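**Q** Sharing a structure with you now.
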Amino acid sequence: MSTQSVEAVADTARAREILEQHGIRPTSQRMKMAQILLTAPRHMTAEQILAALRETEGRVSKATVYNTLNLFVAQGLAREIHADPERCVYDSTMAPHHHFQNLDTGEMIDIRPEDLSFARLPELPAGTEIESVDVVIRVRRKA
């Protein structure tokens with residue numbers, strides 16, 4: 001068996017395991033999406049996932065991709081990063097972390113929480129508590 005075949009079998013097994021651990025029925029399309037997004041740390045838009053699916057699966061509906069992404073987010077398998085008003089990126093790393101967003105390429109790059117610190121946070125509105133802090137630092141190539 002080729003190295004690529006061994007990796008594909010391992011990704012398939014890992015995808016099934018991830019879905020089953022989170023109570024998600026592993027349909028063929030969910031399995032493919034899990035292989036694309038969840039088997040390694042990745043940042044992808046729904047359009048990128050759709051394009052990757054269509055390379056191997058042929059006809060896949062955009063609604064299926066969005067419905068499955070919503071399921072993955074609801075089950076704690078991915079998180080949405082609203083990179084800008086036009087684009088949402090899905091991140092497969094669920095541990096707390098922040099991001100650089102390269103405005104030239106669209107690439108999202110992880111920042112470890114310990115690499116960022118805050119001197120203080122604003123006073124919270126009455127009756128609330130912090131759920132999380134997500135920082136996106138937008139960068140571009142120097143002129």
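As shown in the structure tokens, the chain order sets the letters A, B, ...; within each chain, residues go from 1, and ligands are also counted from 1 in the order they appear.
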Might you pull out every residue within 12 Å of A:Asp110, with only C-alpha atoms counted and same-chain residues fewer than 6 positions away left off, and present them as a PyMOL selection string?
**A** chain A and resi 41-43+81+91-102+116+134-137
**Q** Any chance you could export the current selection's N, CA and C atoms as an mmCIF file, in the first residue's frame?
**A**
data_model
loop_
_atom_site.group_PDB
_atom_site.id
_atom_site.type_symbol
_atom_site.label_atom_id
_atom_site.label_comp_id
_atom_site.auth_asym_id
_atom_site.auth_seq_id
_atom_site.Cartn_x
_atom_site.Cartn_y
_atom_site.Cartn_z
ATOM 1 N N PRO A 41 -5.024 20.515 11.990
ATOM 2 C CA PRO A 41 -5.368 21.931 12.202
ATOM 3 C C PRO A 41 -5.487 22.666 10.873
ATOM 4 N N ARG A 42 -6.671 23.225 10.620
ATOM 5 C CA ARG A 42 -6.914 23.915 9.352
ATOM 6 C C ARG A 42 -7.821 25.105 9.559
ATOM 7 N N HIS A 43 -7.693 26.071 8.657
ATOM 8 C CA HIS A 43 -8.589 27.219 8.569
ATOM 9 C C HIS A 43 -9.106 27.224 7.143
ATOM 10 N N ILE A 81 -14.742 31.846 12.582
ATOM 11 C CA ILE A 81 -14.007 33.095 12.741
ATOM 12 C C ILE A 81 -14.535 34.022 11.663
ATOM 13 N N ASP A 91 -12.349 26.976 11.741
ATOM 14 C CA ASP A 91 -11.079 26.605 12.354
ATOM 15 C C ASP A 91 -11.275 25.280 13.080
ATOM 16 N N SER A 92 -10.428 24.307 12.777
ATOM 17 C CA SER A 92 -10.564 22.991 13.399
ATOM 18 C C SER A 92 -9.839 22.879 14.733
ATOM 19 N N THR A 93 -9.088 23.897 15.130
ATOM 20 C CA THR A 93 -8.402 23.866 16.415
ATOM 21 C C THR A 93 -9.316 24.470 17.475
ATOM 22 N N MET A 94 -9.758 23.648 18.399
ATOM 23 C CA MET A 94 -10.722 24.111 19.390
ATOM 24 C C MET A 94 -10.062 24.645 20.659
ATOM 25 N N ALA A 95 -8.790 24.359 20.881
ATOM 26 C CA ALA A 95 -8.106 24.918 22.049
ATOM 27 C C ALA A 95 -8.051 26.431 21.898
ATOM 28 N N PRO A 96 -8.134 27.170 22.997
ATOM 29 C CA PRO A 96 -8.101 28.636 22.903
ATOM 30 C C PRO A 96 -6.836 29.132 22.196
ATOM 31 N N HIS A 97 -7.022 30.014 21.241
ATOM 32 C CA HIS A 97 -5.903 30.639 20.542
ATOM 33 C C HIS A 97 -6.429 31.833 19.752
ATOM 34 N N HIS A 98 -5.505 32.608 19.206
ATOM 35 C CA HIS A 98 -5.842 33.812 18.458
ATOM 36 C C HIS A 98 -5.280 33.669 17.044
ATOM 37 N N HIS A 99 -5.443 34.714 16.219
ATOM 38 C CA HIS A 99 -5.038 34.605 14.815
ATOM 39 C C HIS A 99 -4.414 35.880 14.257
ATOM 40 N N PHE A 100 -3.500 35.665 13.328
ATOM 41 C CA PHE A 100 -3.108 36.684 12.373
ATOM 42 C C PHE A 100 -3.945 36.400 11.132
ATOM 43 N N GLN A 101 -4.468 37.425 10.507
ATOM 44 C CA GLN A 101 -5.134 37.268 9.214
ATOM 45 C C GLN A 101 -4.311 38.053 8.199
ATOM 46 N N ASN A 102 -3.761 37.351 7.217
ATOM 47 C CA ASN A 102 -2.992 37.998 6.164
ATOM 48 C C ASN A 102 -3.980 38.559 5.143
ATOM 49 N N LEU A 116 0.285 36.364 23.652
ATOM 50 C CA LEU A 116 -0.493 37.595 23.647
ATOM 51 C C LEU A 116 -0.912 37.885 25.085
ATOM 52 N N ASP A 134 -11.418 36.401 21.544
ATOM 53 C CA ASP A 134 -10.869 36.017 20.253
ATOM 54 C C ASP A 134 -10.247 37.245 19.616
ATOM 55 N N VAL A 135 -8.945 37.184 19.373
ATOM 56 C CA VAL A 135 -8.235 38.306 18.779
ATOM 57 C C VAL A 135 -7.816 37.926 17.367
ATOM 58 N N VAL A 136 -8.114 38.802 16.416
ATOM 59 C CA VAL A 136 -7.636 38.646 15.044
ATOM 60 C C VAL A 136 -6.803 39.881 14.733
ATOM 61 N N ILE A 137 -5.519 39.665 14.475
ATOM 62 C CA ILE A 137 -4.614 40.750 14.113
ATOM 63 C C ILE A 137 -4.426 40.712 12.603
#
**Q** Quick one: residues within 12 Å of A:Arg54, only C-alpha atoms counted, chain neighbours fewer than 4 positions away excluded, as an mmCIF file with all heavy atoms, in the first residue's frame?
**A**
data_model
loop_
_atom_site.group_PDB
_atom_site.id
_atom_site.type_symbol
_atom_site.label_atom_id
_atom_site.label_comp_id
_atom_site.auth_asym_id
_atom_site.auth_seq_id
_atom_site.Cartn_x
_atom_site.Cartn_y
_atom_site.Cartn_z
ATOM 1 N N GLN A 29 -20.848 12.139 3.192
ATOM 2 C CA GLN A 29 -20.473 13.547 3.010
ATOM 3 C C GLN A 29 -19.893 14.140 4.296
ATOM 4 O O GLN A 29 -18.928 14.906 4.252
ATOM 5 C CB GLN A 29 -21.655 14.362 2.502
ATOM 6 C CG GLN A 29 -21.973 14.019 1.059
ATOM 7 C CD GLN A 29 -23.134 14.799 0.509
ATOM 8 O OE1 GLN A 29 -24.066 15.134 1.228
ATOM 9 N NE2 GLN A 29 -23.092 15.078 -0.784
ATOM 10 N N LYS A 32 -16.316 12.906 4.515
ATOM 11 C CA LYS A 32 -15.422 13.630 3.613
ATOM 12 C C LYS A 32 -15.100 15.013 4.173
ATOM 13 O O LYS A 32 -13.958 15.457 4.142
ATOM 14 C CB LYS A 32 -16.033 13.762 2.215
ATOM 15 C CG LYS A 32 -15.788 12.573 1.346
ATOM 16 C CD LYS A 32 -14.302 12.471 1.080
ATOM 17 C CE LYS A 32 -14.024 11.451 0.026
ATOM 18 N NZ LYS A 32 -12.604 11.133 -0.055
ATOM 19 N N MET A 33 -16.128 15.700 4.681
ATOM 20 C CA MET A 33 -15.883 17.029 5.247
ATOM 21 C C MET A 33 -15.002 16.947 6.482
ATOM 22 O O MET A 33 -14.130 17.796 6.687
ATOM 23 C CB MET A 33 -17.201 17.725 5.569
ATOM 24 C CG MET A 33 -17.869 18.271 4.319
ATOM 25 S SD MET A 33 -19.314 19.271 4.666
ATOM 26 C CE MET A 33 -18.625 20.618 5.603
ATOM 27 N N ILE A 36 -11.462 16.552 5.396
ATOM 28 C CA ILE A 36 -10.912 17.805 4.863
ATOM 29 C C ILE A 36 -10.603 18.794 5.983
ATOM 30 O O ILE A 36 -9.535 19.400 6.001
ATOM 31 C CB ILE A 36 -11.896 18.430 3.846
ATOM 32 C CG1 ILE A 36 -11.961 17.561 2.589
ATOM 33 C CG2 ILE A 36 -11.506 19.862 3.503
ATOM 34 C CD1 ILE A 36 -13.115 17.902 1.663
ATOM 35 N N GLU A 47 -16.454 27.838 1.012
ATOM 36 C CA GLU A 47 -16.189 27.725 -0.424
ATOM 37 C C GLU A 47 -14.968 26.848 -0.696
ATOM 38 O O GLU A 47 -14.948 26.078 -1.656
ATOM 39 C CB GLU A 47 -16.005 29.116 -1.040
ATOM 40 C CG GLU A 47 -17.286 29.943 -1.083
ATOM 41 C CD GLU A 47 -17.717 30.506 0.283
ATOM 42 O OE1 GLU A 47 -16.869 30.615 1.205
ATOM 43 O OE2 GLU A 47 -18.908 30.806 0.431
ATOM 44 N N GLN A 48 -13.936 26.964 0.141
ATOM 45 C CA GLN A 48 -12.751 26.122 -0.023
ATOM 46 C C GLN A 48 -13.088 24.654 0.234
ATOM 47 O O GLN A 48 -12.615 23.769 -0.476
ATOM 48 C CB GLN A 48 -11.633 26.575 0.924
ATOM 49 C CG GLN A 48 -11.017 27.899 0.540
ATOM 50 C CD GLN A 48 -10.091 28.435 1.622
ATOM 51 O OE1 GLN A 48 -10.346 28.281 2.817
ATOM 52 N NE2 GLN A 48 -9.018 29.087 1.189
ATOM 53 N N ILE A 49 -13.912 24.414 1.239
ATOM 54 C CA ILE A 49 -14.325 23.042 1.539
ATOM 55 C C ILE A 49 -15.167 22.495 0.397
ATOM 56 O O ILE A 49 -14.970 21.357 -0.047
ATOM 57 C CB ILE A 49 -15.088 22.980 2.876
ATOM 58 C CG1 ILE A 49 -14.137 23.341 4.023
ATOM 59 C CG2 ILE A 49 -15.724 21.612 3.090
ATOM 60 C CD1 ILE A 49 -14.825 23.613 5.346
ATOM 61 N N LEU A 50 -16.078 23.301 -0.113
ATOM 62 C CA LEU A 50 -16.922 22.891 -1.239
ATOM 63 C C LEU A 50 -16.061 22.546 -2.452
ATOM 64 O O LEU A 50 -16.278 21.507 -3.095
ATOM 65 C CB LEU A 50 -17.917 23.996 -1.577
ATOM 66 C CG LEU A 50 -18.911 23.712 -2.696
ATOM 67 C CD1 LEU A 50 -19.801 22.520 -2.350
ATOM 68 C CD2 LEU A 50 -19.766 24.938 -2.969
ATOM 69 N N GLY A 58 -17.507 15.143 -6.806
ATOM 70 C CA GLY A 58 -18.382 15.607 -7.878
ATOM 71 C C GLY A 58 -19.430 16.562 -7.358
ATOM 72 O O GLY A 58 -19.108 17.577 -6.777
ATOM 73 N N ARG A 59 -20.692 16.224 -7.493
ATOM 74 C CA ARG A 59 -21.803 17.116 -7.138
ATOM 75 C C ARG A 59 -22.054 17.093 -5.637
ATOM 76 O O ARG A 59 -22.451 16.076 -5.078
ATOM 77 C CB ARG A 59 -23.048 16.668 -7.902
ATOM 78 C CG ARG A 59 -24.257 17.514 -7.639
ATOM 79 C CD ARG A 59 -24.484 18.497 -8.771
ATOM 80 N NE ARG A 59 -25.668 19.296 -8.515
ATOM 81 C CZ ARG A 59 -25.618 20.543 -8.074
ATOM 82 N NH1 ARG A 59 -24.474 21.115 -7.859
ATOM 83 N NH2 ARG A 59 -26.736 21.209 -7.867
ATOM 84 N N VAL A 60 -21.840 18.218 -4.983
ATOM 85 C CA VAL A 60 -22.143 18.402 -3.567
ATOM 86 C C VAL A 60 -22.819 19.760 -3.449
ATOM 87 O O VAL A 60 -22.342 20.736 -4.022
ATOM 88 C CB VAL A 60 -20.856 18.395 -2.700
ATOM 89 C CG1 VAL A 60 -21.186 18.620 -1.242
ATOM 90 C CG2 VAL A 60 -20.082 17.107 -2.882
ATOM 91 N N SER A 61 -23.920 19.819 -2.714
ATOM 92 C CA SER A 61 -24.627 21.092 -2.620
ATOM 93 C C SER A 61 -23.985 22.004 -1.584
ATOM 94 O O SER A 61 -23.444 21.552 -0.576
ATOM 95 C CB SER A 61 -26.100 20.874 -2.288
ATOM 96 O OG SER A 61 -26.264 20.603 -0.918
ATOM 97 N N LYS A 62 -24.087 23.285 -1.855
ATOM 98 C CA LYS A 62 -23.590 24.300 -0.917
ATOM 99 C C LYS A 62 -24.359 24.199 0.399
ATOM 100 O O LYS A 62 -23.783 24.351 1.472
ATOM 101 C CB LYS A 62 -23.755 25.686 -1.541
ATOM 102 C CG LYS A 62 -23.001 26.776 -0.845
ATOM 103 C CD LYS A 62 -23.198 28.096 -1.551
ATOM 104 C CE LYS A 62 -21.878 28.618 -2.029
ATOM 105 N NZ LYS A 62 -21.969 29.986 -2.559
ATOM 106 N N VAL A 65 -22.903 21.580 2.645
ATOM 107 C CA VAL A 65 -21.657 22.037 3.261
ATOM 108 C C VAL A 65 -21.972 22.950 4.443
ATOM 109 O O VAL A 65 -21.453 22.754 5.548
ATOM 110 C CB VAL A 65 -20.748 22.743 2.225
ATOM 111 C CG1 VAL A 65 -19.571 23.421 2.911
ATOM 112 C CG2 VAL A 65 -20.263 21.746 1.191
#
**Q** Could you check which of A:Thr56, A:Thr128, A:Ser117, A:Thr105 is closest to A:Arg140, using only C-alpha atoms?
**A**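 Smallest separation from A:Arg140 among the options: A:Thr105.
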**Q** Run DSSP on the backbone and grab whatever in chain A lands in alpha helix (DSSP H); send it over as a VMD selection string.
**A** chain A and resid 3 to 21 28 to 37 46 to 57 62 to 74
**Q** Please report, as a list of chain:residue names, each residue of chain A to which DSSP assigns strand (DSSP E or B) when run on this structure's backbone.
**A**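 Output for chain A, strand (DSSP E or B) only: A:His43, A:Met44, A:Thr45, A:Arg79, A:Glu80, A:Ile81, A:His82, A:Ala83, A:Asp84, A:Arg87, A:Cys88, A:Val89, A:Tyr90, A:Asp91, A:His98, A:His99, A:Phe100, A:Gln101, A:Asn102, A:Met108, A:Ile109, A:Asp110, A:Ile111, A:Val136, A:Ile137, A:Arg138, A:Val139.
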**Q** I need the residue nearest A:Glu86 from this list: A:Gln21, A:Thr27, A:Thr39, A:Thr45. Use only C-alpha atoms for the distance.
**A** A:Thr45
**Q** So the first atom is atom CA of A:Asp84 and the second is atom CA of A:Ala46; what is the distance between them in Å, to one decimal place?
**A**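 Taking atom CA of A:Asp84 and atom CA of A:Ala46, their separation equals 14.2 Å.
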**Q** What is the distance between atom CA of A:Ala52 and atom CA of A:Pro26, in Å to one decimal?
**A**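 Distance between the two atoms: 18.4 Å.
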